[in-house]
Amino acid sequence: MTDRPGPWWRRRIGRFTAHWPTCLPGVRFLARGTLTHVVSPRAAGSQHGAAARAAARLALDELGRGIAGEHRPEEVECARQRLILAVSAWQTPDSRSNLWLRARLTLLLPQQDADRAQSHQNALRDVELRLAQDRLRRQELARTVCTDRDTASLWWLEQHLDDLSGLNWESFREAILPLVGTSVAERTQAERLADTLLYVWERLDAVPGRQARFMATARTLFEQMGWADGFPWPSPSDDLESAAPSPATILFVTEDEQ
């Protein structure tokens, strides 16, 4: 078999127009130009001519769809050049050895399809931006210590944005909420107790002799509670006023106990 038809074969030239899909659903290329096909002299008559023309158009349409469907709308120039290389030389369909065809086509992206492609790109960009923002927000929440119930609830919600049906607030209350702000609460209680003791000490220091009475009262209270061995209170024989600990000592002991 030769690589092209003989000069005595019957040649037919016709206009060709088709819409071929891109790899983006709903967006199509427009192909238009001329299709040339030749048939063997043995294929005579109008019936054979119509069949050859239909076979040539189907073969070209299949070839063009395969090329166009591999490209995005913005790749129209690449698809155009590939199409030119594919259809400019004589070729024969696999099922018809007595038929040869070639075409001169140009590939376009109609304005309506270009607008659809742009709308798709805008929507895709918005989704990607929102996903990136959500990812950054989750990373920021993961680095932030949840110090209150509201922050912890927001963090828990962020963890389940992709599957809200799996959001379980009962698990949050049982497993997460008891851990929220534990260290902060303990530090706040220690600071509050230290401030109270400092306030008491400053008030005692304002009136001479009040420290001794306070220490004696405190010692009696702790002895009744059974806590006297855990605190360095002066013994009854010591001079209470001279042996009374400084505010810094009381604060240090208080923070250690906390």
# chains A, B, ... in the order shown; residues from 1 in each chain; ligands from 1

$ residues_around --residues "segment 80-89 of chain A" --least-positions-apart "5" --cutoff "7 Å" --atoms "only C-alpha atoms" --output "PyMOL selection string"
chain A and resi 64+67+102-107

$ write_last_selection --atoms "N, CA, C and O atoms" --output "PDB file, in the first residue's frame"
ATOM      1  N   GLY A  64     -10.071  14.440  15.645  1.00  0.00           N
ATOM      2  CA  GLY A  64     -10.078  15.763  16.259  1.00  0.00           C
ATOM      3  C   GLY A  64     -10.554  15.751  17.703  1.00  0.00           C
ATOM      4  O   GLY A  64     -10.001  16.455  18.561  1.00  0.00           O
ATOM      5  N   ILE A  67      -7.772  14.687  20.045  1.00  0.00           N
ATOM      6  CA  ILE A  67      -6.756  15.722  20.308  1.00  0.00           C
ATOM      7  C   ILE A  67      -7.323  16.837  21.179  1.00  0.00           C
ATOM      8  O   ILE A  67      -6.708  17.258  22.161  1.00  0.00           O
ATOM      9  N   ARG A 102      -7.445  14.097   4.024  1.00  0.00           N
ATOM     10  CA  ARG A 102      -6.622  15.089   4.719  1.00  0.00           C
ATOM     11  C   ARG A 102      -7.460  16.342   4.883  1.00  0.00           C
ATOM     12  O   ARG A 102      -8.498  16.498   4.223  1.00  0.00           O
ATOM     13  N   ALA A 103      -7.033  17.228   5.771  1.00  0.00           N
ATOM     14  CA  ALA A 103      -7.856  18.405   6.053  1.00  0.00           C
ATOM     15  C   ALA A 103      -6.963  19.595   6.373  1.00  0.00           C
ATOM     16  O   ALA A 103      -5.802  19.449   6.778  1.00  0.00           O
ATOM     17  N   ARG A 104      -7.527  20.762   6.157  1.00  0.00           N
ATOM     18  CA  ARG A 104      -6.911  22.025   6.574  1.00  0.00           C
ATOM     19  C   ARG A 104      -7.894  22.709   7.519  1.00  0.00           C
ATOM     20  O   ARG A 104      -8.920  23.239   7.083  1.00  0.00           O
ATOM     21  N   LEU A 105      -7.576  22.655   8.799  1.00  0.00           N
ATOM     22  CA  LEU A 105      -8.502  23.130   9.823  1.00  0.00           C
ATOM     23  C   LEU A 105      -7.842  24.166  10.718  1.00  0.00           C
ATOM     24  O   LEU A 105      -6.612  24.189  10.868  1.00  0.00           O
ATOM     25  N   THR A 106      -8.654  24.993  11.302  1.00  0.00           N
ATOM     26  CA  THR A 106      -8.214  25.886  12.366  1.00  0.00           C
ATOM     27  C   THR A 106      -9.090  25.626  13.584  1.00  0.00           C
ATOM     28  O   THR A 106     -10.269  25.274  13.453  1.00  0.00           O
ATOM     29  N   LEU A 107      -8.508  25.786  14.734  1.00  0.00           N
ATOM     30  CA  LEU A 107      -9.213  25.502  15.991  1.00  0.00           C
ATOM     31  C   LEU A 107      -9.366  26.801  16.771  1.00  0.00           C
ATOM     32  O   LEU A 107      -8.384  27.535  16.984  1.00  0.00           O
TER      33      LEU A 107
END

$ select_by_dssp --residues "segment 52-96 of chain A" --states "alpha helix (DSSP H)" --output "count of residues only"
29

$ atom_distance --atom1 "atom CA of Ile13 of chain A" --atom2 "atom CA of Pro110 of chain A"
25.3 Å

$ closest_residue --among "A:Leu108, A:Leu124, A:Leu101, A:Ala117" --to "Leu24 of chain A" --atoms "only C-alpha atoms"
A:Ala117

$ residues_around --residues "Asp113 of chain A" --least-positions-apart "4" --cutoff "9 Å" --atoms "only C-alpha atoms" --output "PyMOL selection string"
chain A and resi 26-29+73+109+117-118

$ atom_distance --atom1 "atom CA of Glu77 of chain A" --atom2 "atom CA of Leu63 of chain A"
17.1 Å

$ residues_around --residues "Asn98 of chain A" --least-positions-apart "2" --cutoff "8 Å" --atoms "only C-alpha atoms" --output "PyMOL selection string"
chain A and resi 39-40+92+96+100

$ write_last_selection --atoms "N, CA, C and O atoms" --output "PDB file, in the first residue's frame"
ATOM      1  N   VAL A  39     -11.373   8.587  -3.263  1.00  0.00           N
ATOM      2  CA  VAL A  39     -11.806   7.191  -3.231  1.00  0.00           C
ATOM      3  C   VAL A  39     -11.238   6.459  -4.425  1.00  0.00           C
ATOM      4  O   VAL A  39     -10.880   7.065  -5.454  1.00  0.00           O
ATOM      5  N   SER A  40     -11.184   5.170  -4.305  1.00  0.00           N
ATOM      6  CA  SER A  40     -10.673   4.336  -5.386  1.00  0.00           C
ATOM      7  C   SER A  40     -11.597   4.406  -6.593  1.00  0.00           C
ATOM      8  O   SER A  40     -12.810   4.571  -6.446  1.00  0.00           O
ATOM      9  N   THR A  92      -5.400   7.137   5.789  1.00  0.00           N
ATOM     10  CA  THR A  92      -6.562   6.319   5.480  1.00  0.00           C
ATOM     11  C   THR A  92      -7.134   5.729   6.756  1.00  0.00           C
ATOM     12  O   THR A  92      -6.372   5.307   7.636  1.00  0.00           O
ATOM     13  N   ARG A  96     -11.207   1.313   6.097  1.00  0.00           N
ATOM     14  CA  ARG A  96     -11.502   1.577   4.679  1.00  0.00           C
ATOM     15  C   ARG A  96     -10.186   1.813   3.936  1.00  0.00           C
ATOM     16  O   ARG A  96      -9.655   2.931   3.916  1.00  0.00           O
ATOM     17  N   TRP A 100      -8.896   7.769   1.272  1.00  0.00           N
ATOM     18  CA  TRP A 100      -7.820   8.610   1.820  1.00  0.00           C
ATOM     19  C   TRP A 100      -8.403   9.988   2.138  1.00  0.00           C
ATOM     20  O   TRP A 100      -9.319  10.460   1.460  1.00  0.00           O
TER      21      TRP A 100
END

$ residues_around --residues "Leu99 of chain A" --least-positions-apart "6" --cutoff "9 Å" --atoms "only C-alpha atoms" --output "list in words"
Pro5, His37, Val38, Val39, Ser40, Ala52, Ala55, Ala56, Gln91, Thr92 and Pro93 of chain A

$ write_last_selection --atoms "N, CA, C and O atoms" --output "PDB file, in the first residue's frame"
ATOM      1  N   PRO A   5      -2.798   8.461  -2.122  1.00  0.00           N
ATOM      2  CA  PRO A   5      -3.595   7.937  -3.241  1.00  0.00           C
ATOM      3  C   PRO A   5      -2.971   8.282  -4.589  1.00  0.00           C
ATOM      4  O   PRO A   5      -2.170   9.207  -4.717  1.00  0.00           O
ATOM      5  N   HIS A  37     -11.119  14.304   0.542  1.00  0.00           N
ATOM      6  CA  HIS A  37     -11.037  12.847   0.558  1.00  0.00           C
ATOM      7  C   HIS A  37     -11.063  12.328  -0.875  1.00  0.00           C
ATOM      8  O   HIS A  37     -11.644  12.953  -1.779  1.00  0.00           O
ATOM      9  N   VAL A  38     -10.429  11.218  -1.085  1.00  0.00           N
ATOM     10  CA  VAL A  38     -10.380  10.582  -2.400  1.00  0.00           C
ATOM     11  C   VAL A  38     -10.761   9.124  -2.241  1.00  0.00           C
ATOM     12  O   VAL A  38     -10.514   8.513  -1.191  1.00  0.00           O
ATOM     13  N   VAL A  39     -11.373   8.587  -3.263  1.00  0.00           N
ATOM     14  CA  VAL A  39     -11.806   7.191  -3.231  1.00  0.00           C
ATOM     15  C   VAL A  39     -11.238   6.459  -4.425  1.00  0.00           C
ATOM     16  O   VAL A  39     -10.880   7.065  -5.454  1.00  0.00           O
ATOM     17  N   SER A  40     -11.184   5.170  -4.305  1.00  0.00           N
ATOM     18  CA  SER A  40     -10.673   4.336  -5.386  1.00  0.00           C
ATOM     19  C   SER A  40     -11.597   4.406  -6.593  1.00  0.00           C
ATOM     20  O   SER A  40     -12.810   4.571  -6.446  1.00  0.00           O
ATOM     21  N   ALA A  52     -18.381   7.315   1.272  1.00  0.00           N
ATOM     22  CA  ALA A  52     -16.994   7.738   1.458  1.00  0.00           C
ATOM     23  C   ALA A  52     -16.919   9.075   2.189  1.00  0.00           C
ATOM     24  O   ALA A  52     -16.073   9.288   3.055  1.00  0.00           O
ATOM     25  N   ALA A  55     -17.758   8.499   5.810  1.00  0.00           N
ATOM     26  CA  ALA A  55     -16.652   7.824   6.487  1.00  0.00           C
ATOM     27  C   ALA A  55     -15.496   8.786   6.750  1.00  0.00           C
ATOM     28  O   ALA A  55     -14.855   8.749   7.802  1.00  0.00           O
ATOM     29  N   ALA A  56     -15.216   9.674   5.783  1.00  0.00           N
ATOM     30  CA  ALA A  56     -14.128  10.639   5.952  1.00  0.00           C
ATOM     31  C   ALA A  56     -14.441  11.622   7.084  1.00  0.00           C
ATOM     32  O   ALA A  56     -13.573  11.947   7.907  1.00  0.00           O
ATOM     33  N   GLN A  91      -3.965  10.290   4.882  1.00  0.00           N
ATOM     34  CA  GLN A  91      -4.091   9.122   5.740  1.00  0.00           C
ATOM     35  C   GLN A  91      -5.362   8.382   5.389  1.00  0.00           C
ATOM     36  O   GLN A  91      -6.279   8.955   4.784  1.00  0.00           O
ATOM     37  N   THR A  92      -5.400   7.137   5.789  1.00  0.00           N
ATOM     38  CA  THR A  92      -6.562   6.319   5.480  1.00  0.00           C
ATOM     39  C   THR A  92      -7.134   5.729   6.756  1.00  0.00           C
ATOM     40  O   THR A  92      -6.372   5.307   7.636  1.00  0.00           O
ATOM     41  N   PRO A  93      -8.441   5.726   6.902  1.00  0.00           N
ATOM     42  CA  PRO A  93      -9.038   5.098   8.079  1.00  0.00           C
ATOM     43  C   PRO A  93      -8.726   3.601   8.107  1.00  0.00           C
ATOM     44  O   PRO A  93      -8.551   2.961   7.068  1.00  0.00           O
TER      45      PRO A  93
END

$ select_by_dssp --residues "segment 73-220 of chain A" --states "strand (DSSP E)" --output "list in words"
Leu99, Trp100, Leu101, Arg102, Ala103, Arg104, Leu105, Thr106, Leu107 and Leu108 of chain A

$ atom_distance --atom1 "atom CA of Ser153 of chain A" --atom2 "atom CA of Ile176 of chain A"
9.2 Å

$ residues_around --residues "Asn168 of chain A" --least-positions-apart "5" --cutoff "12 Å" --atoms "only C-alpha atoms" --output "ChimeraX atom specification"
/A:153,156-157,159-160,163,173-176

$ closest_residue --among "A:Asp150, A:Glu223, A:Asp115, A:Asp162" --to "Arg135 of chain A" --atoms "only C-alpha atoms"
A:Asp162
